[in-house]
Protein chains: 2
Amino acid sequence: MERDRDSRHHVVIVGAGFGGLQAAKALGKADNVRVTVVDRYNHHLFQPLLYQVATAVLNPSDISAPIRTVLRSRNTEVLLAEAKSVDARRKVLVVEGGEIPYDSLVLATGATHSYFKHPEWAQVAPGLKTLEDAVRMRERVLTAFEAAERESDPERQRQWMTFVIIGAGPTGVELAGALSYMTRHGLPKDFRRIDTRQARVILLEGLPRVLSTYPEELSEAAKRDLEKLHVEVRTGALVTGIDAEGVTFGDEHIATRTVLWGAGVAASPLVRSLEVPLDRAGRVKVTPLLTAPGLNDVYVIGDVAAAEQRGKPVPGIAPAAMQMGRHVAKTIRARLADKPLRAFRYHDKGSFAVIGRGYAVGLLFDKWRMKGLPAWCVWAGVHIAYLVGFRNRASVMLNWGYTFFTKGGRDMRLITGNVVKRMPALAASLQAPAVPPPPVRPELPASRPAPVH
Amino acid sequence: MERDRDSRHHVVIVGAGFGGLQAAKALGKADNVRVTVVDRYNHHLFQPLLYQVATAVLNPSDISAPIRTVLRSRNTEVLLAEAKSVDARRKVLVVEGGEIPYDSLVLATGATHSYFKHPEWAQVAPGLKTLEDAVRMRERVLTAFEAAERESDPERQRQWMTFVIIGAGPTGVELAGALSYMTRHGLPKDFRRIDTRQARVILLEGLPRVLSTYPEELSEAAKRDLEKLHVEVRTGALVTGIDAEGVTFGDEHIATRTVLWGAGVAASPLVRSLEVPLDRAGRVKVTPLLTAPGLNDVYVIGDVAAAEQRGKPVPGIAPAAMQMGRHVAKTIRARLADKPLRAFRYHDKGSFAVIGRGYAVGLLFDKWRMKGLPAWCVWAGVHIAYLVGFRNRASVMLNWGYTFFTKGGRDMRLITGNVVKRMPALAASLQAPAVPPPPVRPELPASRPAPVH
């Protein structure tokens with residue numbers, strides 16, 4: 001009944017990631033449209049920098065912005081709610097506690113981790129998709145060093161100081177590089193009983209090379225540079241077991257208390273309720289207009305969409321999602337104006353993976369291969385430019401500048417919670433001073449070793 | 001056995017707050033001493049600014065610094081552990097999973113909330129002592145507005161938009177001022193269905209006036225200015241009931257979903273195991289040397305100590321704790337050198353409470369009364385100066401500057417978690433657009449009203 005009062009076309013967008021936000025922004029000034037953005041978090045998240053929150057370089061608030069603040073158009077409403085399913089026949093989105101009718105629906109709910117039919121691994125090998133994930137990962141890493149400092153048994157101490165990262169895609173590579181850097185710069189002076197520089201960071205990849213979506217030359221450069229940063233790279237390593245004590249792959253076993261998951265992703269499960277064909281990762285095989293097959297008013301974009309272009313899949317990265325979001329907004333407006341519709345075309349502007357401070361590899365415009373400092377500069381510039389909001393930009397630049405010039409972060413090494421419960425029992429030897437005897441670690445040199453690049 | 005190898009005097013400091021940190025720093029260069037600092041958190045916390053994390057002005061990392069990084073002296077060890085009790089006869093500190101023998105013990109474990117024999121209130125009326133508390137409080141406040149936006153029943157909407165703060169000491173006053181400011185600057189433009197400027201912020205105080213430890217003139221100025229910021233101040237209001245639906249005091253009841261606790265504090269319970277006389281708040285009545293009565297090698301400082309000076313209690317504020325920490329370090333060194341010992345003397349340099357942006361009240365050197373912008377400038381300068389670490393300072397200045405000039409924060413309005421579970425059921429009316437009908441709120445003026453001061 002109340003709906004009759006408003007003749008505007010109602011676009012409901014689920015998910016305020018890169019895709020959903022662009023769609024909402026592009027529709028924000030249309031007079032004949034009203035927009036409702038539904039998200040279960042109150043913030044847009046700049047996911048590509050999540051690994052820097054996990055490795056204590058950036059603050060959670062540096063890479064997030066309140067959705068309400070980003071989307072202040074008069075025709076746009078934001079709703080904090082969890083979408084449960086789509087009833088495409090009745091044209092309603094079902095959320096917990098209610099329903100929202102739509103004229104057009106945009107599903108931009110992104111991806112989650114996939115543990116390859118081993119859901120029990122999620123407990124011991126956390127992934128990195130949300131701010132909560134990043135904060136938890138940071139606490140696990142920092143707590144491991146605290147536990148190692150308390151531990152007197154050398155074997156268990158080594159176990160605490162071994163970090164395994166599974167999956168050498170961009171997330172895994174970036175995590176491994178940043179973590180290894182952290183153990184050598186910043187942390188060493190903080191501990192008395194352990195030498196954090198002896199920590200092992202092991203990157204496991206099931207495929208034959210790291211960054212397998214990149215050209216082979218860049219994969220090799222990335223591997224070389226990870227090794228310079230003292231990351232142990234093991235390719236062709238198919239993990240068969242993970243528990244609280246370690247990781248098994250092939251006939252090898254690594255004793256570790258800290259496993260981080262950078263491997264499989266799966267599309268968010270919401271699209272299953274559309275009852276349309278999905279690919280193996282659970283993504284919707286969209287039409288050239290980015291609609292779900294047979295559902296002309298349901299658009300699917302970003303990491304939940306399996307779009308193809310000239311036989312090649314459109315990659316699951318932020319620029320692709322943003323382009324899809326803008327394209328969907330154009331399609332909706334064109335339809336309302338009875339104008340001709342165009343198929344989506346992905347423009348590959350490039351993709352980059354950071355390995356360490358001042359070092360990255362990447363492809364610009366899908367043809368120019370870059371590595372080293374030039375690649376890092378392009379990466380840093382693009383990321384700063386795309387960060388939402390003045391304060392985020394200033395704060396990220398401040399934190400990067402600080403980390404860059406002091407060779408190691410400082411004040412983000414924050415364990416918010418009381419994690420003492422997770423720690424090993426206090427060793428009897430703690431009653432004795434760490435220095436002078438026994439010399440468990442070599443003296444730190446007065447000046448630190450030169451950085452690797 | 002191993003202890004014999006080290007002849008240095010072992011000082012164990014429990015708690016790395018203002019007092020413990022100063023004691024550790026002042027002992028950091030002594031050759032004949034080794035220091036172990038025990039804390040259950042890995043960070044020192046700048047508690048006076050905690051309310052700004054709770055009201056989304058600052059980041060958690062802005063007001064915290066890793067204890068290990070702050071205390072890098074060669075003779076100092078840091079241990080992440082939870083102290084359980086003191087066995088003064090055997091001279092050991094008992095922590096979970098072990099024991100630490102000491103020659104001198106410094107207890108600086110601070111205070112916690114006290115709910116005046118109503119522990120069940122802790123669930124519904126969170127206090128503000130740790131970073132976790134502040135993050136939780138921020139999430140509760142922001143979630144209340146989200147819930148109000150979803151609610152269609154006007155009465156329940158009003159309940160979500162009513163905030164009650166209990167206790168008008170500095171914490172309560174600062175929280176109330178900052179919260180009320182936030183509802184009028186920054187938030188209003190973000191919501192479509194509610195007018196956040198109609199939120200009620202009610203400050204309840206059992207005593208006859210706010211800031212009761214300050215001179216009456218300043219209490220009155222503070223009350224006046226809180227009211228200018230639209231805080232409803234109710235003094236002489238003794239709370240008798242708090243639950244998820246509201247607060248009862250006298251024969252009044254306020255329907256609210258958000259109650260914040262700024263009232264009673266109680267000393268940390270660790271000192272009970274000393275078996276020495278405690279005051280009503282559970283604090284140790286220390287000797288003029290700041291030792292526990294009858295225990296010459298157990299020092300008690302900061303908020304767990306009830307120290308007196310010329311018949312007046314030394315206040316439970318950061319500068320007093322810092323002075324105590326330095327004094328204890330001097331006493332320990334003097335004892336080891338067989339030098340004469342001096343009684344502790346507190347130098348009152350002043351205390352301030354902030355009411356709103358650019359407005360504070362305070363006492364400088366216990367005599368000069370200040371209010372308004374001059375008081376705020378002194379307050380801001382002192383707080384910036386005492387913040388630990390360059391990056392914290394730069395980041396706090398950046399965030400304050402941003403908030404000051406834009407009249408309202410922005411990017412800290414972060415709910416890290418998925419809070420949808422706590423929200424009310426989606427109202428049926430949400431299916432209808434909020435605008436145009438019905439006009440639940442007046443149009444926002446093109447330019448915002450001038451700030452109150």
# chains A, B, ... in the order shown; residues from 1 in each chain; ligands from 1
>>> select_by_dssp(residues="range 190-303 of chain B", states="alpha helix (DSSP H)", output="NGL selection string")
:B and (216-228)
>>> write_last_selection(atoms="all heavy atoms", output="CSV table (one decimal), in the first residue's frame")
chain,number,residue,atom,x,y,z
B,216,GLU,N,33.1,24.2,43.6
B,216,GLU,CA,31.7,24.3,43.2
B,216,GLU,C,31.5,25.1,41.9
B,216,GLU,O,30.7,24.8,41.1
B,216,GLU,CB,30.9,24.9,44.3
B,216,GLU,CG,29.6,24.1,44.6
B,216,GLU,CD,28.9,24.5,45.9
B,216,GLU,OE1,29.6,24.4,46.9
B,216,GLU,OE2,27.8,24.9,45.8
B,217,GLU,N,32.3,26.2,41.8
B,217,GLU,CA,32.2,27.1,40.7
B,217,GLU,C,32.4,26.4,39.4
B,217,GLU,O,31.7,26.6,38.4
B,217,GLU,CB,33.2,28.2,40.8
B,217,GLU,CG,33.4,29.2,39.7
B,217,GLU,CD,34.7,29.9,39.8
B,217,GLU,OE1,35.4,29.9,40.9
B,217,GLU,OE2,35.1,30.4,38.7
B,218,LEU,N,33.4,25.5,39.4
B,218,LEU,CA,33.7,24.7,38.1
B,218,LEU,C,32.6,23.7,37.9
B,218,LEU,O,32.3,23.4,36.7
B,218,LEU,CB,35.1,24.1,38.2
B,218,LEU,CG,36.2,25.0,38.2
B,218,LEU,CD1,37.6,24.3,38.2
B,218,LEU,CD2,36.2,26.0,37.0
B,219,SER,N,32.1,23.1,38.9
B,219,SER,CA,31.0,22.1,38.7
B,219,SER,C,29.8,22.8,38.0
B,219,SER,O,29.2,22.3,37.1
B,219,SER,CB,30.5,21.6,40.1
B,219,SER,OG,31.4,20.7,40.7
B,220,GLU,N,29.5,24.0,38.5
B,220,GLU,CA,28.4,24.7,37.9
B,220,GLU,C,28.7,25.1,36.4
B,220,GLU,O,27.8,25.0,35.6
B,220,GLU,CB,28.1,26.0,38.7
B,220,GLU,CG,27.1,25.7,39.8
B,220,GLU,CD,27.1,26.7,40.9
B,220,GLU,OE1,27.2,27.9,40.6
B,220,GLU,OE2,27.0,26.3,42.1
B,221,ALA,N,29.9,25.6,36.2
B,221,ALA,CA,30.3,25.9,34.8
B,221,ALA,C,30.1,24.6,33.9
B,221,ALA,O,29.6,24.7,32.8
B,221,ALA,CB,31.7,26.4,34.7
B,222,ALA,N,30.6,23.5,34.4
B,222,ALA,CA,30.5,22.2,33.7
B,222,ALA,C,29.1,21.9,33.4
B,222,ALA,O,28.7,21.5,32.3
B,222,ALA,CB,31.2,21.1,34.4
B,223,LYS,N,28.2,22.0,34.4
B,223,LYS,CA,26.8,21.6,34.2
B,223,LYS,C,26.2,22.5,33.1
B,223,LYS,O,25.5,22.0,32.2
B,223,LYS,CB,26.1,21.8,35.5
B,223,LYS,CG,24.6,21.5,35.5
B,223,LYS,CD,24.0,21.3,36.9
B,223,LYS,CE,22.6,20.8,36.8
B,223,LYS,NZ,21.6,21.9,36.7
B,224,ARG,N,26.4,23.8,33.3
B,224,ARG,CA,25.9,24.8,32.3
B,224,ARG,C,26.3,24.4,30.9
B,224,ARG,O,25.5,24.4,29.9
B,224,ARG,CB,26.4,26.2,32.6
B,224,ARG,CG,25.4,27.2,32.8
B,224,ARG,CD,25.8,28.5,33.3
B,224,ARG,NE,27.2,28.8,33.3
B,224,ARG,CZ,27.9,29.0,34.5
B,224,ARG,NH1,27.3,28.9,35.6
B,224,ARG,NH2,29.2,29.2,34.4
B,225,ASP,N,27.6,24.1,30.7
B,225,ASP,CA,28.0,23.8,29.4
B,225,ASP,C,27.6,22.4,28.9
B,225,ASP,O,27.4,22.3,27.7
B,225,ASP,CB,29.6,23.9,29.3
B,225,ASP,CG,29.9,25.4,29.3
B,225,ASP,OD1,29.8,26.0,28.3
B,225,ASP,OD2,30.3,25.9,30.4
B,226,LEU,N,27.4,21.5,29.7
B,226,LEU,CA,26.8,20.2,29.3
B,226,LEU,C,25.4,20.5,28.8
B,226,LEU,O,25.0,19.9,27.8
B,226,LEU,CB,26.8,19.2,30.5
B,226,LEU,CG,28.1,18.5,30.8
B,226,LEU,CD1,28.0,17.8,32.1
B,226,LEU,CD2,28.5,17.6,29.7
B,227,GLU,N,24.7,21.3,29.5
B,227,GLU,CA,23.3,21.6,29.1
B,227,GLU,C,23.3,22.4,27.7
B,227,GLU,O,22.4,22.1,26.9
B,227,GLU,CB,22.6,22.3,30.2
B,227,GLU,CG,22.2,21.4,31.3
B,227,GLU,CD,21.7,22.0,32.6
B,227,GLU,OE1,21.9,23.3,32.7
B,227,GLU,OE2,21.2,21.3,33.5
B,228,LYS,N,24.3,23.2,27.5
B,228,LYS,CA,24.3,23.9,26.2
B,228,LYS,C,24.6,22.8,25.1
B,228,LYS,O,24.1,23.0,24.0
B,228,LYS,CB,25.5,24.9,26.2
B,228,LYS,CG,25.1,26.2,26.7
B,228,LYS,CD,26.3,27.2,26.3
B,228,LYS,CE,26.4,28.3,27.4
B,228,LYS,NZ,27.7,28.8,27.5
>>> atom_distance(atom1="CA of Met324 in chain B", atom2="CA of Pro293 in chain B")
16.3 Å
>>> closest_residue(among="A:Leu204, A:Val124, A:Val354, A:Val298", to="Glu252 in chain A", atoms="only C-alpha atoms")
A:Leu204
>>> residues_around(residues="range 125-137 of chain A", least_positions_apart="6", cutoff="6 Å", atoms="only C-alpha atoms", output="list in words")
Val53, Ala54, Val259, Leu260 and Trp261 of chain A
>>> select_by_dssp(residues="range 238-371 of chain B", states="strand (DSSP E)", output="number ranges by chain")
B: 239-243, 246-249, 252-255, 258-261, 265-267, 284-285, 291-292, 295-300, 305-306, 308-309, 312-313, 350-356, 359-364, 368-371
>>> residues_around(residues="Ala267 in chain B", least_positions_apart="2", cutoff="6 Å", atoms="only C-alpha atoms", output="list in words")
Ala111, Gly282, Arg283 and Val304 of chain B
>>> closest_residue(among="B:Leu229, B:Val141, B:Ala321, B:Ile415", to="chain A", atoms="only C-alpha atoms")
B:Ile415
>>> residues_around(residues="Val70 in chain A", least_positions_apart="2", cutoff="9 Å", atoms="only C-alpha atoms", output="PyMOL selection string")
(chain A and resi 21+25+44+65-68+72-73+388-389) or (chain B and resi 190)
>>> residues_around(residues="range 367-384 of chain A", least_positions_apart="5", cutoff="9 Å", atoms="only C-alpha atoms", output="PyMOL selection string")
chain A and resi 48-49+215+217-218+221-222+350-362+392-394+396-397+453
>>> atom_distance(atom1="CA of Asn32 in chain A", atom2="CA of Arg150 in chain B")
23.9 Å
>>> residues_around(residues="Thr235 in chain A", least_positions_apart="2", cutoff="9 Å", atoms="only C-alpha atoms", output="PDB file with C-alpha atoms, in the first residue's frame")
ATOM      1  CA  ALA A 168      50.697 -18.275  -2.658  1.00  0.00           C
ATOM      2  CA  LEU A 203      54.731 -20.280   2.269  1.00  0.00           C
ATOM      3  CA  LEU A 204      53.046 -23.434   0.910  1.00  0.00           C
ATOM      4  CA  GLU A 205      51.504 -23.556  -2.554  1.00  0.00           C
ATOM      5  CA  GLY A 206      49.848 -26.551  -4.181  1.00  0.00           C
ATOM      6  CA  LEU A 207      50.501 -25.331  -7.729  1.00  0.00           C
ATOM      7  CA  PRO A 208      53.969 -25.388  -9.310  1.00  0.00           C
ATOM      8  CA  ARG A 209      54.593 -21.641  -8.815  1.00  0.00           C
ATOM      9  CA  VAL A 210      53.650 -18.626  -6.724  1.00  0.00           C
ATOM     10  CA  VAL A 233      58.732 -20.955  -0.458  1.00  0.00           C
ATOM     11  CA  ALA A 237      52.977 -28.701  -1.690  1.00  0.00           C
ATOM     12  CA  LEU A 238      49.459 -30.066  -1.291  1.00  0.00           C
TER      13      LEU A 238
END
>>> atom_distance(atom1="CA of Arg184 in chain A", atom2="CA of Arg197 in chain A")
4.9 Å
>>> closest_residue(among="A:Ala178, A:Phe46, A:Gly186, A:Lys117", to="chain B", atoms="only C-alpha atoms")
A:Gly186
>>> decode(residues="range 297-333 of chain A", atoms="N, CA and C atoms", output="PDB file, in the first residue's frame")
ATOM      1  N   ASP A 297      16.104  -8.951 -13.936  1.00  0.00           N
ATOM      2  CA  ASP A 297      16.234  -7.851 -12.980  1.00  0.00           C
ATOM      3  C   ASP A 297      17.129  -8.198 -11.798  1.00  0.00           C
ATOM      4  N   VAL A 298      17.878  -9.284 -11.915  1.00  0.00           N
ATOM      5  CA  VAL A 298      18.844  -9.629 -10.860  1.00  0.00           C
ATOM      6  C   VAL A 298      20.250  -9.567 -11.448  1.00  0.00           C
ATOM      7  N   TYR A 299      21.016  -8.595 -10.988  1.00  0.00           N
ATOM      8  CA  TYR A 299      22.391  -8.423 -11.454  1.00  0.00           C
ATOM      9  C   TYR A 299      23.343  -9.052 -10.436  1.00  0.00           C
ATOM     10  N   VAL A 300      24.406  -9.648 -10.936  1.00  0.00           N
ATOM     11  CA  VAL A 300      25.385 -10.280 -10.050  1.00  0.00           C
ATOM     12  C   VAL A 300      26.757  -9.749 -10.440  1.00  0.00           C
ATOM     13  N   ILE A 301      27.477  -9.153  -9.494  1.00  0.00           N
ATOM     14  CA  ILE A 301      28.754  -8.509  -9.846  1.00  0.00           C
ATOM     15  C   ILE A 301      29.841  -8.850  -8.830  1.00  0.00           C
ATOM     16  N   GLY A 302      31.067  -8.558  -9.213  1.00  0.00           N
ATOM     17  CA  GLY A 302      32.213  -8.757  -8.318  1.00  0.00           C
ATOM     18  C   GLY A 302      32.554 -10.223  -8.148  1.00  0.00           C
ATOM     19  N   ASP A 303      33.022 -10.577  -6.955  1.00  0.00           N
ATOM     20  CA  ASP A 303      33.530 -11.928  -6.717  1.00  0.00           C
ATOM     21  C   ASP A 303      32.458 -13.012  -6.745  1.00  0.00           C
ATOM     22  N   VAL A 304      31.170 -12.662  -6.726  1.00  0.00           N
ATOM     23  CA  VAL A 304      30.141 -13.706  -6.857  1.00  0.00           C
ATOM     24  C   VAL A 304      29.772 -13.958  -8.302  1.00  0.00           C
ATOM     25  N   ALA A 305      30.325 -13.176  -9.224  1.00  0.00           N
ATOM     26  CA  ALA A 305      29.998 -13.345 -10.635  1.00  0.00           C
ATOM     27  C   ALA A 305      31.132 -14.058 -11.359  1.00  0.00           C
ATOM     28  N   ALA A 306      30.766 -15.047 -12.186  1.00  0.00           N
ATOM     29  CA  ALA A 306      31.749 -15.664 -13.079  1.00  0.00           C
ATOM     30  C   ALA A 306      31.498 -15.078 -14.461  1.00  0.00           C
ATOM     31  N   ALA A 307      32.198 -13.988 -14.767  1.00  0.00           N
ATOM     32  CA  ALA A 307      32.020 -13.347 -16.068  1.00  0.00           C
ATOM     33  C   ALA A 307      33.167 -13.768 -16.974  1.00  0.00           C
ATOM     34  N   GLU A 308      32.892 -13.835 -18.251  1.00  0.00           N
ATOM     35  CA  GLU A 308      33.951 -14.203 -19.190  1.00  0.00           C
ATOM     36  C   GLU A 308      34.106 -13.132 -20.239  1.00  0.00           C
ATOM     37  N   GLN A 309      35.308 -13.025 -20.750  1.00  0.00           N
ATOM     38  CA  GLN A 309      35.556 -12.079 -21.819  1.00  0.00           C
ATOM     39  C   GLN A 309      36.536 -12.723 -22.784  1.00  0.00           C
ATOM     40  N   ARG A 310      36.124 -12.859 -24.015  1.00  0.00           N
ATOM     41  CA  ARG A 310      36.917 -13.557 -25.027  1.00  0.00           C
ATOM     42  C   ARG A 310      37.455 -14.884 -24.478  1.00  0.00           C
ATOM     43  N   GLY A 311      36.577 -15.634 -23.821  1.00  0.00           N
ATOM     44  CA  GLY A 311      36.966 -16.946 -23.314  1.00  0.00           C
ATOM     45  C   GLY A 311      37.800 -16.940 -22.044  1.00  0.00           C
ATOM     46  N   LYS A 312      38.217 -15.737 -21.592  1.00  0.00           N
ATOM     47  CA  LYS A 312      39.042 -15.663 -20.366  1.00  0.00           C
ATOM     48  C   LYS A 312      38.180 -15.165 -19.215  1.00  0.00           C
ATOM     49  N   PRO A 313      38.340 -15.730 -18.015  1.00  0.00           N
ATOM     50  CA  PRO A 313      37.534 -15.228 -16.889  1.00  0.00           C
ATOM     51  C   PRO A 313      37.970 -13.821 -16.480  1.00  0.00           C
ATOM     52  N   VAL A 314      36.999 -12.990 -16.135  1.00  0.00           N
ATOM     53  CA  VAL A 314      37.319 -11.681 -15.568  1.00  0.00           C
ATOM     54  C   VAL A 314      37.840 -11.914 -14.143  1.00  0.00           C
ATOM     55  N   PRO A 315      39.010 -11.358 -13.765  1.00  0.00           N
ATOM     56  CA  PRO A 315      39.598 -11.715 -12.469  1.00  0.00           C
ATOM     57  C   PRO A 315      38.795 -11.166 -11.287  1.00  0.00           C
ATOM     58  N   GLY A 316      38.915 -11.824 -10.145  1.00  0.00           N
ATOM     59  CA  GLY A 316      38.193 -11.424  -8.944  1.00  0.00           C
ATOM     60  C   GLY A 316      38.947 -10.367  -8.175  1.00  0.00           C
ATOM     61  N   ILE A 317      39.119  -9.203  -8.787  1.00  0.00           N
ATOM     62  CA  ILE A 317      39.867  -8.131  -8.133  1.00  0.00           C
ATOM     63  C   ILE A 317      39.020  -6.866  -8.086  1.00  0.00           C
ATOM     64  N   ALA A 318      39.450  -5.934  -7.247  1.00  0.00           N
ATOM     65  CA  ALA A 318      38.646  -4.738  -7.005  1.00  0.00           C
ATOM     66  C   ALA A 318      38.313  -3.948  -8.284  1.00  0.00           C
ATOM     67  N   PRO A 319      39.275  -3.677  -9.170  1.00  0.00           N
ATOM     68  CA  PRO A 319      38.930  -2.877 -10.355  1.00  0.00           C
ATOM     69  C   PRO A 319      37.833  -3.523 -11.204  1.00  0.00           C
ATOM     70  N   ALA A 320      37.850  -4.849 -11.321  1.00  0.00           N
ATOM     71  CA  ALA A 320      36.819  -5.536 -12.096  1.00  0.00           C
ATOM     72  C   ALA A 320      35.454  -5.338 -11.442  1.00  0.00           C
ATOM     73  N   ALA A 321      35.399  -5.492 -10.102  1.00  0.00           N
ATOM     74  CA  ALA A 321      34.128  -5.316  -9.398  1.00  0.00           C
ATOM     75  C   ALA A 321      33.607  -3.890  -9.574  1.00  0.00           C
ATOM     76  N   MET A 322      34.505  -2.908  -9.511  1.00  0.00           N
ATOM     77  CA  MET A 322      34.084  -1.519  -9.648  1.00  0.00           C
ATOM     78  C   MET A 322      33.517  -1.266 -11.046  1.00  0.00           C
ATOM     79  N   GLN A 323      34.197  -1.794 -12.045  1.00  0.00           N
ATOM     80  CA  GLN A 323      33.694  -1.618 -13.416  1.00  0.00           C
ATOM     81  C   GLN A 323      32.328  -2.265 -13.583  1.00  0.00           C
ATOM     82  N   MET A 324      32.156  -3.441 -12.985  1.00  0.00           N
ATOM     83  CA  MET A 324      30.854  -4.115 -13.073  1.00  0.00           C
ATOM     84  C   MET A 324      29.772  -3.283 -12.391  1.00  0.00           C
ATOM     85  N   GLY A 325      30.095  -2.728 -11.230  1.00  0.00           N
ATOM     86  CA  GLY A 325      29.113  -1.916 -10.508  1.00  0.00           C
ATOM     87  C   GLY A 325      28.645  -0.734 -11.341  1.00  0.00           C
ATOM     88  N   ARG A 326      29.598  -0.044 -11.956  1.00  0.00           N
ATOM     89  CA  ARG A 326      29.231   1.099 -12.790  1.00  0.00           C
ATOM     90  C   ARG A 326      28.429   0.650 -14.008  1.00  0.00           C
ATOM     91  N   HIS A 327      28.797  -0.496 -14.559  1.00  0.00           N
ATOM     92  CA  HIS A 327      28.094  -0.972 -15.744  1.00  0.00           C
ATOM     93  C   HIS A 327      26.643  -1.307 -15.429  1.00  0.00           C
ATOM     94  N   VAL A 328      26.419  -1.941 -14.290  1.00  0.00           N
ATOM     95  CA  VAL A 328      25.054  -2.303 -13.902  1.00  0.00           C
ATOM     96  C   VAL A 328      24.211  -1.040 -13.716  1.00  0.00           C
ATOM     97  N   ALA A 329      24.798  -0.012 -13.094  1.00  0.00           N
ATOM     98  CA  ALA A 329      24.061   1.242 -12.898  1.00  0.00           C
ATOM     99  C   ALA A 329      23.648   1.825 -14.252  1.00  0.00           C
ATOM    100  N   LYS A 330      24.571   1.771 -15.214  1.00  0.00           N
ATOM    101  CA  LYS A 330      24.264   2.266 -16.565  1.00  0.00           C
ATOM    102  C   LYS A 330      23.141   1.463 -17.190  1.00  0.00           C
ATOM    103  N   THR A 331      23.206   0.140 -17.057  1.00  0.00           N
ATOM    104  CA  THR A 331      22.177  -0.717 -17.634  1.00  0.00           C
ATOM    105  C   THR A 331      20.801  -0.397 -17.051  1.00  0.00           C
ATOM    106  N   ILE A 332      20.740  -0.241 -15.725  1.00  0.00           N
ATOM    107  CA  ILE A 332      19.444   0.042 -15.086  1.00  0.00           C
ATOM    108  C   ILE A 332      18.883   1.367 -15.587  1.00  0.00           C
ATOM    109  N   ARG A 333      19.731   2.375 -15.665  1.00  0.00           N
ATOM    110  CA  ARG A 333      19.255   3.680 -16.143  1.00  0.00           C
ATOM    111  C   ARG A 333      18.845   3.609 -17.609  1.00  0.00           C
TER     112      ARG A 333
END
